[in-house]
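Coordinates from entry.tsv are shown below (TSV, C-alpha atoms).
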chain	number	residue	atom	x	y	z
A	982	MET	CA	0.00	0.00	0.00
A	983	MET	CA	1.40	3.38	-0.95
A	984	ILE	CA	1.04	6.55	1.05
A	985	HIS	CA	-0.84	9.32	-0.73
A	986	LEU	CA	1.78	12.07	-0.86
A	987	LEU	CA	-0.66	14.92	-1.21
A	988	ASP	CA	0.44	18.26	-2.58
A	989	ASP	CA	-1.84	19.87	0.00
A	990	ILE	CA	0.13	18.38	2.92
A	991	PRO	CA	2.91	20.71	4.09
A	992	LEU	CA	5.38	18.01	5.08
A	993	ASP	CA	8.94	18.52	3.91
A	994	PHE	CA	9.82	14.86	4.28
A	995	MET	CA	8.14	11.54	5.09
A	996	ALA	CA	9.77	8.16	5.67
A	997	LEU	CA	7.91	4.93	6.41
A	998	ASP	CA	10.28	2.00	6.17
A	999	ARG	CA	12.83	-0.04	8.02
A	1000	GLY	CA	15.67	2.15	9.19
A	1001	ALA	CA	13.70	5.38	8.88
A	1002	LEU	CA	15.21	6.67	12.13
A	1003	GLY	CA	18.57	6.77	10.38
A	1004	LYS	CA	17.21	9.51	8.11
A	1005	LEU	CA	16.29	11.86	10.94
A	1006	ALA	CA	19.71	13.21	11.93
A	1007	PRO	CA	20.72	13.96	8.31
A	1008	TYR	CA	17.40	15.76	7.83
A	1009	VAL	CA	17.91	17.80	11.02
A	1010	LYS	CA	21.42	18.72	9.99
A	1011	LYS	CA	20.40	19.67	6.45
A	1012	ALA	CA	17.51	21.78	7.81
A	1013	GLY	CA	19.99	23.71	9.95
A	1014	TYR	CA	18.55	22.78	13.36
A	1015	LYS	CA	21.30	22.89	15.98
A	1016	ARG	CA	19.48	22.63	19.32
A	1017	PRO	CA	16.55	20.21	19.00
A	1018	LEU	CA	14.47	19.28	22.04
A	1019	ILE	CA	13.33	15.65	22.28
A	1020	ALA	CA	10.00	15.03	23.99
A	1021	ALA	CA	9.40	11.45	25.13
A	1022	ASP	CA	8.24	9.42	28.10
A	1023	ARG	CA	10.12	6.56	29.74
A	1024	ASN	CA	8.77	3.92	27.35
A	1025	THR	CA	9.12	5.86	24.11
A	1026	TYR	CA	12.60	7.01	25.09
A	1027	GLU	CA	13.67	3.37	25.26
A	1028	ALA	CA	11.76	2.51	22.08
A	1029	ALA	CA	13.33	5.23	19.91
A	1030	GLY	CA	14.32	8.31	21.90
A	1031	ARG	CA	17.68	7.00	23.05
A	1032	THR	CA	18.62	6.15	19.46
A	1033	VAL	CA	17.45	9.55	18.23
A	1034	GLU	CA	19.45	11.32	20.94
A	1035	ALA	CA	22.61	9.38	20.08
A	1036	GLU	CA	22.22	9.92	16.32
A	1037	LEU	CA	21.72	13.65	16.80
A	1038	GLY	CA	24.79	13.82	19.01
A	1039	ARG	CA	26.91	12.10	16.39
A	1040	ALA	CA	25.60	14.59	13.83
A	1041	GLY	CA	26.89	17.46	15.98
A	1042	CYS	CA	23.55	18.65	17.36
A	1043	ALA	CA	23.27	19.84	20.96
A	1044	ALA	CA	20.06	17.94	21.62
A	1045	SER	CA	18.25	18.22	24.94
A	1046	LEU	CA	15.65	15.88	26.43
A	1047	CYS	CA	12.30	16.48	28.09
A	1048	LEU	CA	11.25	13.21	29.69
A	1049	LEU	CA	7.54	13.76	30.30
A	1050	GLN	CA	6.41	12.42	33.68
A	1051	PRO	CA	3.31	10.30	34.27
A	1052	GLY	CA	0.43	11.52	36.40
A	1053	SER	CA	-1.12	9.83	39.40
A	1054	THR	CA	-2.64	7.07	37.26
A	1055	GLY	CA	0.72	6.23	35.71
A	1056	ASP	CA	0.00	7.78	32.31
A	1057	CYS	CA	1.29	10.86	30.56
A	1058	ILE	CA	-1.67	13.11	29.83
A	1059	ALA	CA	-2.05	15.97	27.37
A	1060	ASP	CA	-3.30	18.32	30.07
A	1061	GLU	CA	-2.11	21.58	31.65
A	1062	LYS	CA	0.67	19.80	33.53
A	1063	GLY	CA	2.05	18.03	30.48
A	1064	LEU	CA	1.86	21.18	28.34
A	1065	VAL	CA	3.66	23.33	30.91
A	1066	GLU	CA	6.27	20.62	31.48
A	1067	LEU	CA	7.31	20.74	27.84
A	1068	LEU	CA	7.04	24.52	27.49
A	1069	LEU	CA	9.36	24.96	30.48
A	1070	ALA	CA	11.93	22.74	28.77
A	1071	VAL	CA	12.06	25.06	25.75
A	1072	THR	CA	14.99	27.48	25.85
A	1073	PRO	CA	13.75	30.73	24.27
A	1074	GLY	CA	15.94	31.88	21.40
A	1075	LYS	CA	17.92	28.63	21.38
A	1076	THR	CA	15.60	25.63	20.98
A	1077	ASP	CA	15.01	25.52	17.23
A	1078	CYS	CA	13.22	22.20	16.73
A	1079	LEU	CA	10.92	19.92	18.73
A	1080	LEU	CA	10.90	16.14	18.28
A	1081	ALA	CA	7.77	14.22	19.24
A	1082	VAL	CA	9.03	10.71	20.03
A	1083	GLY	CA	5.99	8.66	20.98
A	1084	SER	CA	2.37	8.13	20.06
A	1085	GLY	CA	-0.77	10.21	20.46
A	1086	THR	CA	-0.40	11.98	23.79
A	1087	ILE	CA	3.18	13.08	23.22
A	1088	HIS	CA	2.35	14.33	19.75
A	1089	ASP	CA	-0.58	16.34	21.11
A	1090	ILE	CA	1.61	17.98	23.73
A	1091	VAL	CA	4.35	18.75	21.21
A	1092	ARG	CA	2.05	20.06	18.46
A	1093	PHE	CA	0.45	22.45	20.96
A	1094	ALA	CA	3.86	23.67	22.15
A	1095	SER	CA	4.97	24.04	18.54
A	1096	SER	CA	1.96	26.20	17.69
A	1097	LYS	CA	2.46	28.45	20.73
A	1098	THR	CA	6.22	28.91	20.39
A	1099	GLY	CA	6.50	28.92	16.60
A	1100	ILE	CA	9.19	26.24	16.85
A	1101	PRO	CA	8.74	23.54	14.15
A	1102	PHE	CA	8.34	19.94	15.19
A	1103	LEU	CA	9.19	16.56	13.70
A	1104	SER	CA	7.18	13.39	14.22
A	1105	VAL	CA	8.77	10.12	15.34
A	1106	PRO	CA	5.95	7.61	15.96
A	1107	THR	CA	6.85	4.71	18.23
A	1108	ALA	CA	3.58	2.79	17.76
A	1109	PRO	CA	0.89	2.69	15.07
A	1110	SER	CA	-1.71	3.59	17.69
A	1111	VAL	CA	-3.51	6.78	16.54
A	1112	ASP	CA	-4.25	8.73	13.37
A	1113	GLY	CA	-3.18	12.15	14.65
A	1114	PHE	CA	0.50	12.10	13.71
A	1115	THR	CA	0.08	14.40	10.69
A	1116	SER	CA	-3.00	16.35	11.78
A	1117	LYS	CA	-3.18	19.88	13.19
A	1118	GLY	CA	-5.77	19.17	15.88
A	1119	ALA	CA	-4.57	18.58	19.43
A	1120	PRO	CA	-7.10	16.85	21.73
A	1121	LEU	CA	-6.30	18.23	25.19
A	1122	ILE	CA	-7.75	17.83	28.68
A	1123	ILE	CA	-8.27	21.34	30.05
A	1124	ARG	CA	-9.80	21.58	33.53
A	1125	GLY	CA	-11.02	18.03	33.13
A	1126	VAL	CA	-12.81	18.65	29.82
A	1127	LYS	CA	-11.68	17.10	26.56
A	1128	GLN	CA	-11.38	19.68	23.80
A	1129	THR	CA	-9.60	19.77	20.47
A	1130	VAL	CA	-7.61	22.90	19.69
A	1131	SER	CA	-5.99	23.92	16.43
A	1132	ALA	CA	-2.24	23.46	16.70
A	1133	ALA	CA	0.65	22.62	14.34
A	1134	ALA	CA	1.35	19.83	11.88
A	1135	PRO	CA	4.84	18.30	11.76
A	1136	LYS	CA	7.41	19.42	9.23
A	1137	ALA	CA	8.53	15.82	8.67
A	1138	LEU	CA	7.69	12.31	9.82
A	1139	PHE	CA	10.01	9.36	10.44
A	1140	ALA	CA	8.09	6.10	10.95
A	1141	ASP	CA	10.56	3.25	11.41
A	1142	LEU	CA	9.10	-0.21	10.85
A	1143	ASP	CA	11.85	-1.70	13.02
A	1144	VAL	CA	10.40	0.33	15.90
A	1145	LEU	CA	6.72	0.03	14.99
A	1146	THR	CA	6.72	-3.78	14.62
A	1147	ARG	CA	8.05	-4.03	18.18
A	1148	ALA	CA	5.21	-1.93	19.63
A	1149	PRO	CA	2.99	-3.75	22.14
A	1150	GLN	CA	0.02	-5.52	20.59
A	1151	GLU	CA	-2.43	-3.40	22.60
A	1152	LEU	CA	-1.08	-0.26	20.89
A	1153	VAL	CA	-1.27	-1.86	17.45
A	1154	ALA	CA	-4.85	-2.94	18.14
A	1155	ALA	CA	-5.64	0.59	19.33
A	1156	GLY	CA	-4.49	2.01	16.02
A	1157	PHE	CA	-6.69	-0.48	14.23
A	1158	GLY	CA	-9.61	0.50	16.46
A	1159	ASP	CA	-9.03	4.16	15.65
A	1160	MET	CA	-9.24	3.30	11.95
A	1161	LEU	CA	-12.41	1.18	12.34
A	1162	GLY	CA	-14.03	4.24	13.89
A	1163	LYS	CA	-14.00	5.75	10.41
A	1164	PHE	CA	-17.01	3.58	9.54
A	1165	THR	CA	-19.24	5.69	11.77
A	1166	SER	CA	-17.32	8.98	11.46
A	1167	LEU	CA	-17.66	8.96	7.66
A	1168	PHE	CA	-21.37	8.18	8.01
A	1169	ASP	CA	-21.83	10.98	10.54
A	1170	TRP	CA	-19.94	13.39	8.26
A	1171	LYS	CA	-22.31	12.70	5.38
A	1172	PHE	CA	-25.29	12.92	7.74
A	1173	SER	CA	-24.16	16.24	9.21
A	1174	SER	CA	-23.54	17.66	5.75
A	1175	LEU	CA	-26.99	16.62	4.53
A	1176	THR	CA	-29.00	17.59	7.62
A	1177	GLY	CA	-26.90	20.34	9.20
A	1178	GLY	CA	-25.17	22.01	6.27
A	1179	GLU	CA	-21.68	21.17	7.54
A	1180	SER	CA	-18.86	21.33	5.00
A	1181	TYR	CA	-17.93	18.15	3.16
A	1182	ASP	CA	-14.95	17.26	0.99
A	1183	ASP	CA	-15.04	14.29	-1.40
A	1184	LYS	CA	-11.26	14.01	-1.63
A	1185	ALA	CA	-10.72	13.87	2.14
A	1186	ALA	CA	-13.56	11.37	2.48
A	1187	ARG	CA	-12.12	9.17	-0.29
A	1188	ILE	CA	-8.65	9.15	1.28
A	1189	THR	CA	-10.14	8.13	4.63
A	1190	GLU	CA	-12.35	5.45	3.09
A	1191	GLU	CA	-9.45	3.88	1.17
A	1192	ALA	CA	-7.28	3.86	4.30
A	1193	LEU	CA	-10.08	2.23	6.30
A	1194	GLN	CA	-10.72	-0.48	3.73
A	1195	ALA	CA	-6.99	-1.30	3.49
A	1196	CYS	CA	-6.94	-1.93	7.24
A	1197	VAL	CA	-10.03	-4.13	7.08
A	1198	ALA	CA	-8.48	-6.16	4.25
A	1199	HIS	CA	-5.31	-6.70	6.30
A	1200	ALA	CA	-6.85	-7.14	9.75
A	1201	ALA	CA	-5.29	-10.57	10.25
A	1202	GLU	CA	-1.80	-9.35	9.30
A	1203	ILE	CA	-2.22	-6.39	11.64
A	1204	GLY	CA	-3.24	-8.77	14.41
A	1205	ARG	CA	-0.10	-10.84	13.78
A	1206	ARG	CA	2.05	-7.69	13.62
A	1207	THR	CA	3.64	-8.71	10.34
A	1208	GLU	CA	5.71	-6.11	8.53
A	1209	LEU	CA	3.00	-5.86	5.87
A	1210	GLY	CA	0.26	-5.44	8.46
A	1211	ILE	CA	2.11	-2.73	10.35
A	1212	ARG	CA	3.03	-0.93	7.12
A	1213	VAL	CA	-0.60	-0.94	6.00
A	1214	LEU	CA	-1.85	0.24	9.40
A	1215	MET	CA	0.72	3.00	9.74
A	1216	SER	CA	0.11	4.14	6.17
A	1217	ALA	CA	-3.62	4.28	6.89
A	1218	LEU	CA	-3.12	6.27	10.09
A	1219	ILE	CA	-0.90	8.75	8.26
A	1220	GLU	CA	-3.43	9.07	5.44
A	1221	SER	CA	-6.28	9.61	7.89
A	1222	GLY	CA	-4.31	12.40	9.54
A	1223	ALA	CA	-3.52	13.83	6.11
A	1224	ALA	CA	-7.24	13.85	5.25
A	1225	MET	CA	-7.95	15.88	8.40
A	1226	LEU	CA	-5.12	18.23	7.52
A	1227	LEU	CA	-6.46	18.59	3.98
A	1228	PHE	CA	-10.00	19.33	5.17
A	1229	GLY	CA	-8.85	21.53	8.04
A	1230	GLN	CA	-11.00	19.82	10.69
A	1231	SER	CA	-11.45	16.35	12.18
A	1232	HIS	CA	-14.79	15.52	10.48
A	1233	PRO	CA	-13.31	12.77	8.21
A	1234	ALA	CA	-12.06	10.80	11.20
A	1235	SER	CA	-14.18	11.76	14.19
A	1236	GLY	CA	-17.91	11.31	14.74
A	1237	ALA	CA	-20.15	10.03	17.51
A	1238	GLU	CA	-17.76	7.16	18.27
A	1239	HIS	CA	-15.09	9.71	19.23
A	1240	HIS	CA	-17.57	11.68	21.30
A	1241	LEU	CA	-18.31	8.56	23.35
A	1242	SER	CA	-14.58	7.89	23.67
A	1243	HIS	CA	-13.93	11.42	24.93
A	1244	TYR	CA	-16.79	11.17	27.41
A	1245	TRP	CA	-15.44	7.88	28.81
A	1246	GLU	CA	-11.95	9.39	29.07
A	1247	MET	CA	-13.22	12.39	31.05
A	1248	ALA	CA	-15.17	10.09	33.38
A	1249	TYR	CA	-12.11	7.93	34.01
A	1250	LEU	CA	-10.01	11.00	34.82
A	1251	GLU	CA	-12.65	12.29	37.20
A	1252	ARG	CA	-12.73	8.92	38.96
A	1253	GLY	CA	-8.95	8.68	39.12
A	1254	ARG	CA	-8.89	5.53	37.02
A	1255	LYS	CA	-6.09	4.56	34.66
A	1256	ALA	CA	-6.69	5.92	31.19
A	1257	LEU	CA	-7.89	3.65	28.41
A	1258	LEU	CA	-6.08	3.68	25.07
A	1259	HIS	CA	-7.77	6.11	22.71
A	1260	GLY	CA	-8.13	3.69	19.82
A	1261	ALA	CA	-9.36	0.90	22.08
A	1262	LYS	CA	-12.20	3.15	23.22
A	1263	VAL	CA	-12.94	4.33	19.69
A	1264	GLY	CA	-13.16	0.79	18.31
A	1265	VAL	CA	-15.59	-0.39	20.98
A	1266	ALA	CA	-17.57	2.87	20.74
A	1267	CYS	CA	-17.83	2.36	16.96
A	1268	ALA	CA	-19.51	-1.00	17.55
A	1269	GLU	CA	-21.93	0.57	20.05
A	1270	ILE	CA	-22.77	3.48	17.75
A	1271	SER	CA	-23.29	1.09	14.85
A	1272	GLN	CA	-25.76	-0.87	16.99
A	1273	LEU	CA	-27.60	2.32	17.98
A	1274	TYR	CA	-27.74	3.65	14.42
A	1275	HIS	CA	-28.88	0.38	12.84
A	1276	ASP	CA	-31.52	-0.06	15.55
A	1277	ALA	CA	-32.85	3.42	14.80
A	1278	VAL	CA	-32.64	3.48	11.02
A	1279	ASP	CA	-33.31	-0.18	10.16
A	1280	ARG	CA	-35.59	-1.20	13.03
A	1281	ALA	CA	-37.26	2.10	14.09
A	1282	GLN	CA	-35.98	1.75	17.66
A	1283	TYR	CA	-35.41	5.31	18.91
A	1284	PRO	CA	-34.22	6.60	22.32
A	1285	VAL	CA	-37.04	9.18	22.23
A	1286	ARG	CA	-38.89	9.38	18.90
A	1287	GLU	CA	-38.05	9.41	15.21
A	1288	PRO	CA	-35.89	12.43	14.41
A	1289	GLU	CA	-37.19	14.88	11.82
A	1290	GLN	CA	-33.98	14.32	9.85
A	1291	LEU	CA	-34.89	10.65	9.31
A	1292	LEU	CA	-38.43	11.54	8.31
A	1293	ARG	CA	-37.07	13.85	5.62
A	1294	HIS	CA	-33.98	11.94	4.46
A	1295	GLY	CA	-34.64	8.34	5.47
A	1296	ALA	CA	-33.88	6.74	2.10
A	1297	GLN	CA	-30.51	8.45	1.74
A	1298	VAL	CA	-29.55	7.78	5.36
A	1299	ARG	CA	-30.41	4.07	4.99
A	1300	GLU	CA	-28.25	3.88	1.87
A	1301	TRP	CA	-25.27	5.41	3.67
A	1302	LEU	CA	-25.75	3.31	6.80
A	1303	ALA	CA	-25.74	0.12	4.74
A	1304	ALA	CA	-21.97	0.67	4.35
A	1305	VAL	CA	-21.48	0.60	8.14
A	1306	PRO	CA	-20.99	-2.98	9.35
A	1307	ALA	CA	-23.24	-4.29	12.10
A	1308	ALA	CA	-21.84	-4.34	15.62
A	1309	PRO	CA	-20.93	-8.08	15.62
A	1310	GLU	CA	-18.77	-7.64	12.51
A	1311	ILE	CA	-16.97	-4.64	14.00
A	1312	ARG	CA	-16.32	-6.64	17.17
A	1313	ARG	CA	-15.03	-9.58	15.10
A	1314	LEU	CA	-12.54	-7.31	13.35
A	1315	LEU	CA	-11.39	-5.82	16.67
A	1316	GLU	CA	-10.78	-9.32	18.01
A	1317	LEU	CA	-8.90	-10.27	14.85
A	1318	ALA	CA	-6.52	-7.36	15.46
A	1319	GLY	CA	-5.98	-8.49	19.05
A	1320	GLY	CA	-7.83	-5.70	20.83
A	1321	PRO	CA	-10.81	-5.35	23.15
A	1322	SER	CA	-14.19	-5.59	21.46
A	1323	THR	CA	-16.71	-4.99	24.25
A	1324	ARG	CA	-17.48	-2.41	26.92
A	1325	ALA	CA	-16.95	-5.09	29.56
A	1326	GLU	CA	-13.33	-5.52	28.45
A	1327	LEU	CA	-12.80	-1.77	28.82
A	1328	GLY	CA	-14.58	-1.56	32.15
A	1329	VAL	CA	-17.21	0.86	30.86
A	1330	ASP	CA	-20.23	0.02	33.01
A	1331	ASP	CA	-23.87	0.29	32.00
A	1332	GLU	CA	-24.41	3.56	33.86
A	1333	LEU	CA	-21.45	5.31	32.25
A	1334	PHE	CA	-22.47	3.97	28.85
A	1335	ALA	CA	-26.04	5.19	29.22
A	1336	ASP	CA	-24.81	8.60	30.36
A	1337	SER	CA	-22.47	8.84	27.37
A	1338	LEU	CA	-25.23	8.00	24.90
A	1339	ARG	CA	-27.31	10.86	26.34
A	1340	GLU	CA	-24.58	13.46	26.87
A	1341	ALA	CA	-21.53	12.82	24.69
A	1342	HIS	CA	-22.94	14.60	21.63
A	1343	LYS	CA	-22.70	17.87	23.59
A	1344	LEU	CA	-18.89	17.70	23.61
A	1345	ARG	CA	-18.66	18.82	19.96
A	1346	ASP	CA	-20.84	21.05	17.82
A	1347	ARG	CA	-21.47	18.34	15.23
A	1348	ARG	CA	-24.80	17.40	13.66
A	1349	THR	CA	-24.32	13.66	14.11
A	1350	LEU	CA	-27.12	11.13	14.07
A	1351	LEU	CA	-26.43	10.62	17.80
A	1352	ARG	CA	-27.28	14.26	18.36
A	1353	ALA	CA	-30.41	14.01	16.20
A	1354	LEU	CA	-31.60	10.96	18.14
A	1355	ASN	CA	-31.11	12.75	21.47
A	1356	GLU	CA	-32.73	15.99	20.35
A	1357	ALA	CA	-35.76	14.40	18.67
Written form, structure tokens:
Amino acid sequence: MMIHLLDDIPLDFMALDRGALGKLAPYVKKAGYKRPLIAADRNTYEAAGRTVEAELGRAGCAASLCLLQPGSTGDCIADEKGLVELLLAVTPGKTDCLLAVGSGTIHDIVRFASSKTGIPFLSVPTAPSVDGFTSKGAPLIIRGVKQTVSAAAPKALFADLDVLTRAPQELVAAGFGDMLGKFTSLFDWKFSSLTGGESYDDKAARITEEALQACVAHAAEIGRRTELGIRVLMSALIESGAAMLLFGQSHPASGAEHHLSHYWEMAYLERGRKALLHGAKVGVACAEISQLYHDAVDRAQYPVREPEQLLRHGAQVREWLAAVPAAPEIRRLLELAGGPSTRAELGVDDELFADSLREAHKLRDRRTLLRALNEA
């Protein structure tokens, strides 16, 4: 599978292959960066950060390291503490490049810092776990509330298959779950465009759809963490991020399934529970949203009453929803990739789930079918 190298994507360089880390130091040197700052946590430093630091040193760069510390639950979080921790490590007038060595959280912290300081950043994924590597949106927890802010895209990306194929299976499965969420996000995007007048872009939708279908076709290889499976998954995640960057917002990759995921994350933080992997939540939430949507559209089972949008556009909505697999098929694919497939596996109890179905649509101003069902 080839990556779509889109003219619209302002990346100077992209490498997805074995040995891609070896291309980073020459790129940094050629770009004229002399004092890069590496952002990593303990795990990602061992996975790739130590190698990056050594390679930069051999290239004559005075690299510094910000080892982001975990919170009380043992996880690094893209919240006020994590943001300030990195910003304090920046030396004004001297730090000339930021390196995000990690997966989603570290990239969100770095892209926010990059946007606020004007210092460019480079992406070094250590696991194929999320689709936000090349996007400009940074999902942050601010005062306990999940919100996505516009930030910065990387100048270059170095995805080393030698590193990515060694990532824990739960992270690989999370990336697959994040991609499966595109089934419902693409449906919600069409629905919101038709019923709420939200902007829609055929090219961004097509890129996302092709990336999704490639993952589905290679689910077994992804579950076995073969080189082909990881290459396909990482390519798809990059393409999904590129589609968001092309469109300028997260609509191609984020619908009601993400709203449920964000709601569960906020609840876990409030309860002091260990965070769930983003893609693991998204994959399970996709199955639940598929069940809700098919119940409503195919079987006339509504939380309240039939929404006016379905009365007016039922035929078109049914046609679009036919492309969204039923919940059992989504769960089968999640299992094939080696990830959780049910709320019980995540520890999302019935009360939290019911609350999220009623309230999660309020987290974003999107005209999803979930919102229509709740506001009927």
Exercise for the section: Would you please work out which residue, of A:Ala1035, A:Ala1185, A:Ala1148, A:Val1130, is nearest to Leu1226 in chain A when using all atoms listed in the file? Expected result: A:Ala1185
Problem - Spatial neighbours of range 1198-1201 of chain A, 9 Å, all atoms listed in the file, chain gap at least 6 places, as a list in words - result: Phe1157, Leu1209, Gly1210, Val1213, Leu1214, Leu1314, Leu1315, Leu1317 and Ala1318 of chain A
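Interatomic distance, CA of Ser1045 in chain A to CA of Ala1059 in chain A: 20.6 Å.
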Problem - Sphere at (-0.4, 15.3, 9.0), radius 10 Å, counting all atoms listed in the file: residues as an MDAnalysis selection string - result: chainID A and resid 990:992 1104 1112:1118 1133:1138 1218:1227
Practice task
Kindly provide, as JSON, numbers by chain, the polymer residues lying within 12 Å of (-9.8, 5.8, -0.1), counting only C-alpha atoms and using the coordinates exactly as they appear in the file.
Solution key: {"A": [982, 983, 984, 985, 1163, 1167, 1183, 1184, 1185, 1186, 1187, 1188, 1189, 1190, 1191, 1192, 1193, 1194, 1195, 1196, 1216, 1217, 1220, 1221, 1223, 1224, 1233]}
Would you write out, as CSV, a table of all residues in range 1106-1188 of chain A that have an atom no more than 12 Å from an atom of range 1271-1283 of chain A, listing for each the closest atom pair and the distance in Å to one decimal, considering all atoms listed in the file and ordering rows by chain and rising residue number?
residue,atom,partner,partner_atom,distance
A:Leu1161,CA,A:Ser1271,CA,11.2
A:Gly1162,CA,A:Ser1271,CA,9.8
A:Lys1163,CA,A:Ser1271,CA,11.3
A:Phe1164,CA,A:Ser1271,CA,8.6
A:Thr1165,CA,A:Ser1271,CA,6.9
A:Ser1166,CA,A:Ser1271,CA,10.5
A:Phe1168,CA,A:Ser1271,CA,10.0
A:Asp1169,CA,A:Tyr1274,CA,10.2
A:Phe1172,CA,A:Tyr1274,CA,11.7
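Non-sequential neighbours of Glu1356 in chain A (distance at most 9 Å, separation of 2 or more positions within a chain, all atoms listed in the file) are Val1285, Pro1288, Leu1351, Arg1352, Ala1353 and Leu1354 of chain A.
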Write the residues of the selection above to a file with C-alpha atoms, as a CSV table (one decimal), in the frame of the given file.
chain,number,residue,atom,x,y,z
A,1285,VAL,CA,-37.0,9.2,22.2
A,1288,PRO,CA,-35.9,12.4,14.4
A,1351,LEU,CA,-26.4,10.6,17.8
A,1352,ARG,CA,-27.3,14.3,18.4
A,1353,ALA,CA,-30.4,14.0,16.2
A,1354,LEU,CA,-31.6,11.0,18.1
Handout entry: Residues near Ala1020 in chain A, cut-off 8 Å, all atoms listed in the file, skip fewer than 5 positions along chain, as a VMD selection string
Key = chain A and resid 1046 to 1049 1067 1079 to 1082 1087 1091
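From CA of Glu1238 in chain A back to CA of Arg1347 in chain A, the distance works out to 12.2 Å.
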List every residue of range 1065-1099 of chain A that has an atom at most 12 Å from any atom of range 1251-1264 of chain A, giving for each one its closest atom pair and the distance in Å to one decimal, counting all atoms listed in the file, sorted by chain and then by ascending residue number, as a Markdown table.
| residue | atom | partner | partner_atom | distance |
| --- | --- | --- | --- | --- |
| A:Ser1084 | CA | A:His1259 | CA | 10.7 |
| A:Gly1085 | CA | A:His1259 | CA | 8.4 |
| A:Thr1086 | CA | A:His1259 | CA | 9.5 |
Reconstruct N, CA, C and O atoms of range 1073-1085 of chain A from the incomplete input and present them as a CSV table (one decimal), keeping the file's coordinate frame.
chain,number,residue,atom,x,y,z
A,1073,PRO,N,14.1,29.7,25.2
A,1073,PRO,CA,13.8,30.7,24.3
A,1073,PRO,C,15.0,31.2,23.5
A,1073,PRO,O,16.0,31.5,24.1
A,1074,GLY,N,14.8,31.4,22.2
A,1074,GLY,CA,15.9,31.9,21.4
A,1074,GLY,C,17.0,30.8,21.1
A,1074,GLY,O,17.9,31.1,20.2
A,1075,LYS,N,16.9,29.7,21.6
A,1075,LYS,CA,17.9,28.6,21.4
A,1075,LYS,C,17.3,27.3,20.8
A,1075,LYS,O,17.8,26.8,19.8
A,1076,THR,N,16.3,26.8,21.5
A,1076,THR,CA,15.6,25.6,21.0
A,1076,THR,C,15.0,25.9,19.6
A,1076,THR,O,14.2,26.9,19.4
A,1077,ASP,N,15.4,25.2,18.6
A,1077,ASP,CA,15.0,25.5,17.2
A,1077,ASP,C,14.2,24.4,16.6
A,1077,ASP,O,13.8,24.5,15.4
A,1078,CYS,N,14.0,23.3,17.3
A,1078,CYS,CA,13.2,22.2,16.7
A,1078,CYS,C,12.7,21.3,17.9
A,1078,CYS,O,13.4,21.1,18.8
A,1079,LEU,N,11.5,20.9,17.8
A,1079,LEU,CA,10.9,19.9,18.7
A,1079,LEU,C,10.7,18.6,18.1
A,1079,LEU,O,10.3,18.5,16.9
A,1080,LEU,N,11.1,17.5,18.8
A,1080,LEU,CA,10.9,16.1,18.3
A,1080,LEU,C,9.9,15.4,19.1
A,1080,LEU,O,10.1,15.2,20.3
A,1081,ALA,N,8.8,15.0,18.5
A,1081,ALA,CA,7.8,14.2,19.2
A,1081,ALA,C,8.1,12.7,19.1
A,1081,ALA,O,7.9,12.2,18.0
A,1082,VAL,N,8.7,12.1,20.1
A,1082,VAL,CA,9.0,10.7,20.0
A,1082,VAL,C,8.0,9.9,20.9
A,1082,VAL,O,8.1,9.9,22.1
A,1083,GLY,N,7.0,9.3,20.2
A,1083,GLY,CA,6.0,8.7,21.0
A,1083,GLY,C,4.8,8.4,20.1
A,1083,GLY,O,4.8,8.4,18.9
A,1084,SER,N,3.6,8.3,20.8
A,1084,SER,CA,2.4,8.1,20.1
A,1084,SER,C,1.5,9.3,20.3
A,1084,SER,O,1.9,10.5,20.2
A,1085,GLY,N,0.2,9.1,20.5
A,1085,GLY,CA,-0.8,10.2,20.5
A,1085,GLY,C,-0.6,11.3,21.5
A,1085,GLY,O,-0.5,12.5,21.1
